[in-house]
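Below is model_12.csv, holding CSV, C-alpha atoms.
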```csv
chain,number,residue,atom,x,y,z
N,1,MET,CA,2.9,-16.7,-16.1
N,2,PRO,CA,0.3,-19.2,-17.6
N,3,SER,CA,-2.2,-17.5,-19.9
N,4,GLY,CA,-5.4,-16.4,-18.1
N,5,GLU,CA,-3.9,-16.9,-14.6
N,6,TYR,CA,-4.6,-13.4,-13.5
N,7,LEU,CA,-7.7,-12.5,-15.4
N,8,ARG,CA,-9.5,-11.7,-12.1
N,9,TYR,CA,-7.5,-9.3,-9.9
N,10,VAL,CA,-8.8,-8.0,-6.6
N,11,ALA,CA,-6.8,-5.6,-4.4
N,12,LEU,CA,-7.4,-5.3,-0.6
N,13,GLY,CA,-5.9,-2.7,1.7
N,14,ASP,CA,-5.8,0.9,2.9
N,15,SER,CA,-4.9,4.2,1.4
N,16,GLN,CA,-1.8,3.1,-0.4
N,17,THR,CA,-3.7,0.5,-2.4
N,18,GLU,CA,-6.6,2.9,-2.9
N,19,GLY,CA,-4.0,5.2,-4.6
N,20,VAL,CA,-3.7,8.2,-2.3
N,21,GLY,CA,-0.8,10.3,-3.4
N,22,ASP,CA,-1.2,9.4,-7.0
N,23,GLY,CA,-3.9,11.8,-8.3
N,24,ASP,CA,-6.6,13.3,-6.2
N,25,ASP,CA,-10.3,12.9,-5.3
N,26,THR,CA,-11.4,15.3,-8.0
N,27,THR,CA,-9.5,13.9,-11.0
N,28,GLY,CA,-9.4,10.4,-9.6
N,29,LEU,CA,-6.8,8.2,-7.9
N,30,ARG,CA,-4.5,5.9,-9.8
N,31,GLY,CA,-2.1,4.2,-7.4
N,32,TRP,CA,0.2,1.1,-7.5
N,33,ALA,CA,-2.6,-1.4,-7.7
N,34,ASP,CA,-4.2,0.3,-10.7
N,35,ARG,CA,-0.8,0.5,-12.3
N,36,LEU,CA,-0.2,-3.2,-11.6
N,37,ALA,CA,-3.6,-3.9,-13.2
N,38,GLU,CA,-2.5,-1.9,-16.2
N,39,ARG,CA,0.7,-4.0,-16.5
N,40,ILE,CA,-1.3,-7.2,-16.2
N,41,GLY,CA,-3.8,-5.9,-18.8
N,42,ALA,CA,-1.0,-5.4,-21.3
N,43,VAL,CA,-0.5,-9.2,-21.4
N,44,GLU,CA,-4.0,-10.3,-20.4
N,45,PRO,CA,-6.4,-8.2,-22.5
N,46,GLY,CA,-9.4,-9.8,-20.8
N,47,LEU,CA,-8.4,-8.7,-17.3
N,48,ARG,CA,-11.2,-7.7,-14.9
N,49,TYR,CA,-10.1,-5.7,-11.8
N,50,ALA,CA,-11.6,-4.7,-8.5
N,51,ASN,CA,-10.1,-2.5,-5.8
N,52,LEU,CA,-11.7,-2.8,-2.4
N,53,ALA,CA,-9.2,-0.7,-0.5
N,54,VAL,CA,-10.3,2.2,1.7
N,55,ARG,CA,-8.1,4.8,3.3
N,56,GLY,CA,-7.6,4.9,7.0
N,57,ARG,CA,-8.5,1.2,7.5
N,58,VAL,CA,-6.5,-0.8,10.1
N,59,ALA,CA,-5.7,-4.5,9.4
N,60,ARG,CA,-8.7,-5.9,11.3
N,61,GLN,CA,-11.0,-3.6,9.3
N,62,VAL,CA,-9.5,-4.7,6.0
N,63,ARG,CA,-10.2,-8.3,7.0
N,64,ALA,CA,-13.6,-7.7,8.4
N,65,GLU,CA,-14.8,-5.5,5.5
N,66,GLN,CA,-12.9,-6.6,2.4
N,67,LEU,CA,-12.1,-10.3,2.7
N,68,ALA,CA,-15.6,-11.8,2.2
N,69,PRO,CA,-16.3,-9.5,-0.8
N,70,ALA,CA,-12.9,-10.4,-2.3
N,71,LEU,CA,-13.6,-14.1,-1.9
N,72,ALA,CA,-17.0,-13.7,-3.5
N,73,LEU,CA,-15.3,-12.2,-6.6
N,74,ARG,CA,-13.2,-15.5,-7.0
N,75,PRO,CA,-9.9,-13.7,-7.8
N,76,GLY,CA,-7.1,-15.4,-9.7
N,77,LEU,CA,-4.8,-12.8,-8.2
N,78,ALA,CA,-5.2,-10.9,-4.9
N,79,THR,CA,-3.0,-8.3,-3.3
N,80,VAL,CA,-3.2,-7.7,0.4
N,81,VAL,CA,-1.4,-4.7,2.0
N,82,ALA,CA,-2.4,-3.4,5.4
N,83,GLY,CA,-0.8,-2.6,8.8
N,84,VAL,CA,0.7,0.9,8.4
N,85,ASN,CA,-2.3,2.5,10.1
N,86,ASP,CA,-1.9,0.1,12.9
N,87,LEU,CA,1.9,0.8,13.3
N,88,LEU,CA,1.2,4.5,13.9
N,89,ARG,CA,-1.3,3.9,16.8
N,90,PRO,CA,-0.3,3.8,20.5
N,91,GLY,CA,-1.9,0.4,21.1
N,92,PHE,CA,-0.1,-1.4,18.3
N,93,ASP,CA,-0.1,-5.2,18.7
N,94,ALA,CA,2.2,-6.8,16.2
N,95,GLU,CA,0.9,-10.3,16.8
N,96,GLU,CA,-2.7,-9.3,16.4
N,97,VAL,CA,-2.0,-7.3,13.2
N,98,ALA,CA,0.1,-10.1,11.7
N,99,GLY,CA,-2.7,-12.5,12.6
N,100,GLN,CA,-5.2,-10.5,10.7
N,101,LEU,CA,-2.9,-10.5,7.6
N,102,GLU,CA,-2.3,-14.2,7.9
N,103,GLU,CA,-6.1,-14.9,8.0
N,104,MET,CA,-6.4,-13.1,4.7
N,105,PHE,CA,-3.4,-14.9,3.2
N,106,ALA,CA,-4.8,-18.3,4.3
N,107,ALA,CA,-8.4,-17.7,3.1
N,108,LEU,CA,-7.4,-16.3,-0.3
N,109,THR,CA,-4.7,-18.9,-1.1
N,110,ALA,CA,-7.2,-21.6,0.0
N,111,SER,CA,-9.6,-20.2,-2.5
N,112,GLY,CA,-7.1,-20.8,-5.3
N,113,ALA,CA,-5.8,-17.2,-5.7
N,114,ARG,CA,-2.2,-16.2,-6.1
N,115,VAL,CA,-1.6,-13.7,-3.3
N,116,LEU,CA,1.0,-10.9,-3.2
N,117,THR,CA,1.9,-8.6,-0.4
N,118,LEU,CA,4.5,-5.9,0.4
N,119,THR,CA,6.9,-5.0,3.2
N,120,PHE,CA,7.1,-1.5,4.6
N,121,PRO,CA,10.2,0.9,4.3
N,122,ASP,CA,12.0,2.4,7.2
N,123,VAL,CA,9.6,5.2,8.1
N,124,ALA,CA,12.2,7.0,10.2
N,125,LYS,CA,14.2,7.7,7.0
N,126,ILE,CA,11.1,9.3,5.4
N,127,ALA,CA,9.8,11.2,8.5
N,128,PRO,CA,12.4,11.5,11.3
N,129,ILE,CA,9.6,12.2,13.8
N,130,ALA,CA,8.5,8.6,13.2
N,131,ARG,CA,11.7,7.1,14.7
N,132,PRO,CA,9.9,5.8,17.8
N,133,VAL,CA,7.9,3.3,15.6
N,134,ARG,CA,11.0,2.1,13.6
N,135,ALA,CA,11.4,-1.1,15.6
N,136,ARG,CA,7.7,-1.8,15.0
N,137,VAL,CA,8.2,-1.6,11.2
N,138,PHE,CA,11.1,-4.1,11.3
N,139,ASP,CA,9.1,-6.5,13.5
N,140,MET,CA,6.1,-6.2,11.2
N,141,ASN,CA,8.1,-6.9,8.1
N,142,ASP,CA,9.6,-10.1,9.7
N,143,ARG,CA,6.1,-11.3,10.6
N,144,ILE,CA,4.8,-10.5,7.1
N,145,ARG,CA,7.6,-12.5,5.5
N,146,GLU,CA,7.0,-15.5,7.9
N,147,ALA,CA,3.3,-15.5,7.4
N,148,ALA,CA,3.7,-15.2,3.6
N,149,ALA,CA,6.1,-18.2,3.6
N,150,ARG,CA,3.6,-20.3,5.4
N,151,HIS,CA,1.0,-19.8,2.8
N,152,GLY,CA,3.0,-19.4,-0.4
N,153,VAL,CA,2.3,-15.7,-0.7
N,154,VAL,CA,4.5,-13.7,-3.0
N,155,VAL,CA,6.4,-10.8,-1.2
N,156,ALA,CA,7.5,-7.7,-3.0
N,157,ASP,CA,10.2,-7.0,-0.5
N,158,VAL,CA,10.6,-3.3,-1.2
N,159,ALA,CA,11.8,-2.6,2.4
N,160,LEU,CA,15.2,-4.1,1.6
N,161,LEU,CA,16.1,-1.5,-1.1
N,162,PRO,CA,17.6,1.9,-0.2
N,163,VAL,CA,15.6,3.6,-3.0
N,164,ALA,CA,12.4,2.9,-1.0
N,165,THR,CA,13.1,5.8,1.3
N,166,ASP,CA,14.2,8.3,-1.3
N,167,PRO,CA,12.0,11.4,-0.6
N,168,ARG,CA,11.1,11.6,-4.3
N,169,LEU,CA,9.1,8.4,-4.0
N,170,TRP,CA,6.9,10.0,-1.3
N,171,SER,CA,4.3,12.6,-1.3
N,172,GLU,CA,4.3,15.8,0.7
N,173,ASP,CA,2.5,14.1,3.6
N,174,ARG,CA,5.3,11.4,3.9
N,175,LEU,CA,2.7,8.8,4.6
N,176,HIS,CA,1.8,8.0,1.0
N,177,ALA,CA,3.8,7.2,-2.1
N,178,SER,CA,4.1,9.9,-4.8
N,179,PRO,CA,3.2,9.0,-8.4
N,180,LEU,CA,6.8,7.9,-8.9
N,181,GLY,CA,6.6,5.9,-5.7
N,182,HIS,CA,3.4,4.2,-6.8
N,183,ALA,CA,5.0,3.4,-10.2
N,184,ARG,CA,8.0,1.8,-8.5
N,185,ILE,CA,5.8,-0.3,-6.2
N,186,ALA,CA,3.8,-1.5,-9.1
N,187,ALA,CA,7.0,-2.4,-10.9
N,188,ALA,CA,8.2,-4.2,-7.8
N,189,ALA,CA,5.0,-6.2,-7.6
N,190,ALA,CA,5.2,-7.0,-11.4
N,191,SER,CA,8.7,-8.3,-10.9
N,192,ALA,CA,7.8,-10.4,-7.9
N,193,LEU,CA,5.0,-12.0,-10.0
N,194,ASP,CA,7.4,-12.5,-12.9
N,195,LEU,CA,5.1,-10.7,-15.3
N,196,PRO,CA,6.3,-10.6,-18.9
N,197,GLY,CA,8.4,-7.4,-19.5
N,198,SER,CA,9.2,-6.9,-15.8
N,199,ASP,CA,12.7,-6.4,-14.6
N,200,ASP,CA,14.7,-5.0,-11.6
N,201,SER,CA,14.8,-1.4,-12.8
N,202,TRP,CA,12.3,-0.5,-10.0
N,203,ALA,CA,15.1,-1.2,-7.5
N,204,ARG,CA,17.7,1.1,-9.0
N,205,PRO,CA,18.5,4.3,-7.2
N,206,LEU,CA,17.4,7.7,-8.6
N,207,PRO,CA,19.9,10.2,-9.9
N,208,PRO,CA,21.7,12.2,-7.2
N,209,GLN,CA,20.1,15.4,-6.2
N,210,GLU,CA,21.4,18.4,-4.3
N,211,LEU,CA,20.6,18.2,-0.5
N,212,PRO,CA,18.6,21.1,1.0
N,213,SER,CA,20.3,23.5,3.4
N,214,ARG,CA,19.6,23.0,7.1
N,215,LEU,CA,17.4,26.1,7.1
N,216,HIS,CA,15.4,24.9,4.2
N,217,ALA,CA,15.1,21.4,5.8
N,218,ALA,CA,14.0,22.9,9.1
N,219,GLY,CA,11.3,25.0,7.3
N,220,ALA,CA,10.1,21.9,5.5
N,221,GLU,CA,9.7,20.0,8.8
N,222,LEU,CA,7.6,22.8,10.3
N,223,ARG,CA,5.4,23.1,7.2
N,224,TRP,CA,4.9,19.3,7.2
N,225,ALA,CA,4.0,19.3,10.9
N,226,ALA,CA,1.5,22.1,10.5
N,227,GLY,CA,0.0,20.8,7.2
N,228,PHE,CA,-0.1,17.1,7.8
N,229,LEU,CA,1.0,15.9,11.2
N,230,GLY,CA,-1.3,18.3,13.1
N,231,PRO,CA,-4.5,17.3,11.2
N,232,TRP,CA,-3.6,13.6,11.5
N,233,LEU,CA,-3.2,13.9,15.2
N,234,GLY,CA,-6.4,15.8,15.4
N,235,ARG,CA,-8.3,13.1,13.7
N,236,ARG,CA,-6.8,10.5,16.1
N,237,LEU,CA,-7.8,12.5,19.2
N,238,ARG,CA,-11.4,12.8,17.9
N,239,GLY,CA,-11.5,9.2,17.0
N,240,ARG,CA,-12.0,10.0,13.3
N,241,SER,CA,-10.5,8.4,10.2
N,242,SER,CA,-9.8,9.8,6.8
N,243,GLY,CA,-11.9,6.9,5.5
N,244,ASP,CA,-15.0,7.7,7.4
N,245,GLY,CA,-18.0,7.5,5.1
N,246,ARG,CA,-16.0,6.1,2.2
N,247,GLY,CA,-16.5,2.9,0.3
N,248,ALA,CA,-14.3,1.1,-2.2
N,249,LYS,CA,-13.6,3.0,-5.4
N,250,ARG,CA,-13.9,-0.1,-7.6
N,251,PRO,CA,-16.1,-2.7,-5.7
N,252,GLU,CA,-16.9,-4.9,-8.7
N,253,LEU,CA,-14.7,-6.8,-11.2
N,254,LEU,CA,-14.6,-4.6,-14.3
N,255,PRO,CA,-12.5,-4.2,-17.4
N,256,LEU,CA,-9.7,-1.7,-17.0
N,257,ASP,CA,-11.6,0.9,-19.0
N,258,GLY,CA,-14.8,0.3,-17.0
N,259,PRO,CA,-16.1,3.0,-14.5
N,260,SER,CA,-14.9,3.1,-11.0
N,261,THR,CA,-16.7,4.6,-8.1
N,262,ALA,CA,-15.9,5.7,-4.5
N,263,PRO,CA,-19.2,5.9,-2.8
N,264,THR,CA,-19.5,8.1,0.2
N,265,SER,CA,-22.2,8.6,2.9
N,266,SER,CA,-23.4,11.9,4.2
```
The structure given in the file should be rewritten as structure tokens.
Amino acid sequence: MPSGEYLRYVALGDSQTEGVGDGDDTTGLRGWADRLAERIGAVEPGLRYANLAVRGRVARQVRAEQLAPALALRPGLATVVAGVNDLLRPGFDAEEVAGQLEEMFAALTASGARVLTLTFPDVAKIAPIARPVRARVFDMNDRIREAAARHGVVVADVALLPVATDPRLWSEDRLHASPLGHARIAAAAASALDLPGSDDSWARPLPPQELPSRLHAAGAELRWAAGFLGPWLGRRLRGRSSGDGRGAKRPELLPLDGPSTAPTSS
């Protein structure tokens, strides 16, 4: 990595990039993008970092709301991760979503930024109830890889590794990575970017653990459905999003120890 190449890092995306699952709204969210910024900052002390991601955003919203501000910040490095919220909606259109992503890839690479994106793990192995959208995930990943190849975008292809669906890498809601999951994603991104000190340890399986009994597993499914699936479906039916009234937590390029904000509207 040439010195100074990534001194301006801008992250675009939805809740995963915002950091949901790694911290909370009271103490603050960290997330894989923050963790990647910390890794870059360890070798680029002058790093300035912005995170424009907002939870609940679909790909077209990420493009419409975040692309122009990102370009205005003139990033040397940009990460673009979106599409999961699209995958879970009834009217999912893979071509349209991939097109939104490709527009962002094209615009950011044309501006001179190095761009990185991720693939998505097999959601059916994380939440069995999501099995109906499994084929969508595989299709979306193929389209991401193809669009990335056309624009020289780096792909951290986490979907290919079995560890990506280990429950310990996912939070209780099964939609967002746990702190350990966010750390693994950041390590995968660092490896894909060939950052100094990165390696393939992120891809290694976790130590074996005892499997829960059928009764315990069934109880966990019920608790998950009541605590997370039900509220999520309720928001969809009401046309609401978890990101309503929220803004980017870090809308400006700041040093890593600079303040970050997540403005809300009443």
Need to verify the contact set: N:Phe92, 12 Å, only C-alpha atoms, exclusion of same-chain residues closer than 2 positions in sequence. Can you return it as a PDB file with C-alpha atoms, in the frame of the given file?
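The resulting out39.pdb:
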```pdb
ATOM      1  CA  VAL N  58      -6.500  -0.800  10.100  1.00  0.00           C
ATOM      2  CA  ALA N  59      -5.700  -4.500   9.400  1.00  0.00           C
ATOM      3  CA  ARG N  60      -8.700  -5.900  11.300  1.00  0.00           C
ATOM      4  CA  GLY N  83      -0.800  -2.600   8.800  1.00  0.00           C
ATOM      5  CA  VAL N  84       0.700   0.900   8.400  1.00  0.00           C
ATOM      6  CA  ASN N  85      -2.300   2.500  10.100  1.00  0.00           C
ATOM      7  CA  ASP N  86      -1.900   0.100  12.900  1.00  0.00           C
ATOM      8  CA  LEU N  87       1.900   0.800  13.300  1.00  0.00           C
ATOM      9  CA  LEU N  88       1.200   4.500  13.900  1.00  0.00           C
ATOM     10  CA  ARG N  89      -1.300   3.900  16.800  1.00  0.00           C
ATOM     11  CA  PRO N  90      -0.300   3.800  20.500  1.00  0.00           C
ATOM     12  CA  ALA N  94       2.200  -6.800  16.200  1.00  0.00           C
ATOM     13  CA  GLU N  95       0.900 -10.300  16.800  1.00  0.00           C
ATOM     14  CA  GLU N  96      -2.700  -9.300  16.400  1.00  0.00           C
ATOM     15  CA  VAL N  97      -2.000  -7.300  13.200  1.00  0.00           C
ATOM     16  CA  ALA N  98       0.100 -10.100  11.700  1.00  0.00           C
ATOM     17  CA  VAL N 133       7.900   3.300  15.600  1.00  0.00           C
ATOM     18  CA  ALA N 135      11.400  -1.100  15.600  1.00  0.00           C
ATOM     19  CA  ARG N 136       7.700  -1.800  15.000  1.00  0.00           C
ATOM     20  CA  VAL N 137       8.200  -1.600  11.200  1.00  0.00           C
ATOM     21  CA  ASP N 139       9.100  -6.500  13.500  1.00  0.00           C
ATOM     22  CA  MET N 140       6.100  -6.200  11.200  1.00  0.00           C
TER      23      MET N 140
END
```
Original post:
atom CA of N:Glu5 and atom CA of N:Gly46 are how many Å apart?
Top reply: 10.9 Å
**OP:** Find the distance between atom CA of N:Ala53 and atom CA of N:Pro167 and write it in Å to one decimal.
**Re:**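 That distance, rounded to one decimal, is 24.4 Å.
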**OP:** Go through N:Thr117, N:Thr109, N:Ser178, N:Ser201 one by one, measure the shortest atom-to-atom distance of each to N:Leu12 using only C-alpha atoms, and give the residue with the smallest value.
**Re:**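 Of all the options, N:Thr117 lies closest to N:Leu12.
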Original post:
Separation of atom CA of N:Ala64 and atom CA of N:Arg250, in Å?
Top reply: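 Atom CA of N:Arg250 lies 17.7 Å from atom CA of N:Ala64.
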**OP:** Counting all atoms listed in the file, figure out which residue out of N:Ala113, N:Leu169, N:Ala82, N:Leu101 gets nearest to N:Leu206.
**Re:** N:Leu169
Subject >> Contacts of stretch 252-258 of chain N at 8 Å (only C-alpha atoms; same-chain gap of 5+ positions) as a VMD selection string >> reply: chain N and resid 8 to 10 37 to 38 41 46 to 51 73
Subject >> Best match for closeness to N:Asp194 among N:Ala127, N:Ala156, N:Asp93, N:Arg246, counting all atoms listed in the file >> reply: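 Smallest distance to N:Asp194 is found for N:Ala156.
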Original post:
Pick the closest to N:Gly181 from N:Gln16, N:Gln66, N:Gln100, N:Thr26: which is it, counting all atoms listed in the file?
Top reply: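 Of the candidates, the smallest distance to N:Gly181 is held by N:Gln16.
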Subject >> Residues within 6 Å of (-1.5, -4.3, -2.6), file coords, only C-alpha atoms, listed as a list in words >> reply: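 Neighbouring residues, ordered by chain and number, come to Ala11, Thr17, Ala33, Thr79, Val80, Val81 and Thr117 of chain N.
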Subject >> Proximity to N:Ala42 - best of N:Ser198, N:Ser171, N:Thr165, N:Ser15, only C-alpha atoms >> reply: N:Ser198
Subject >> Which residue of N:Leu36, N:Leu29, N:Leu67, N:Val155 approaches N:Ala187 most closely, using all atoms listed in the file >> reply: N:Leu36
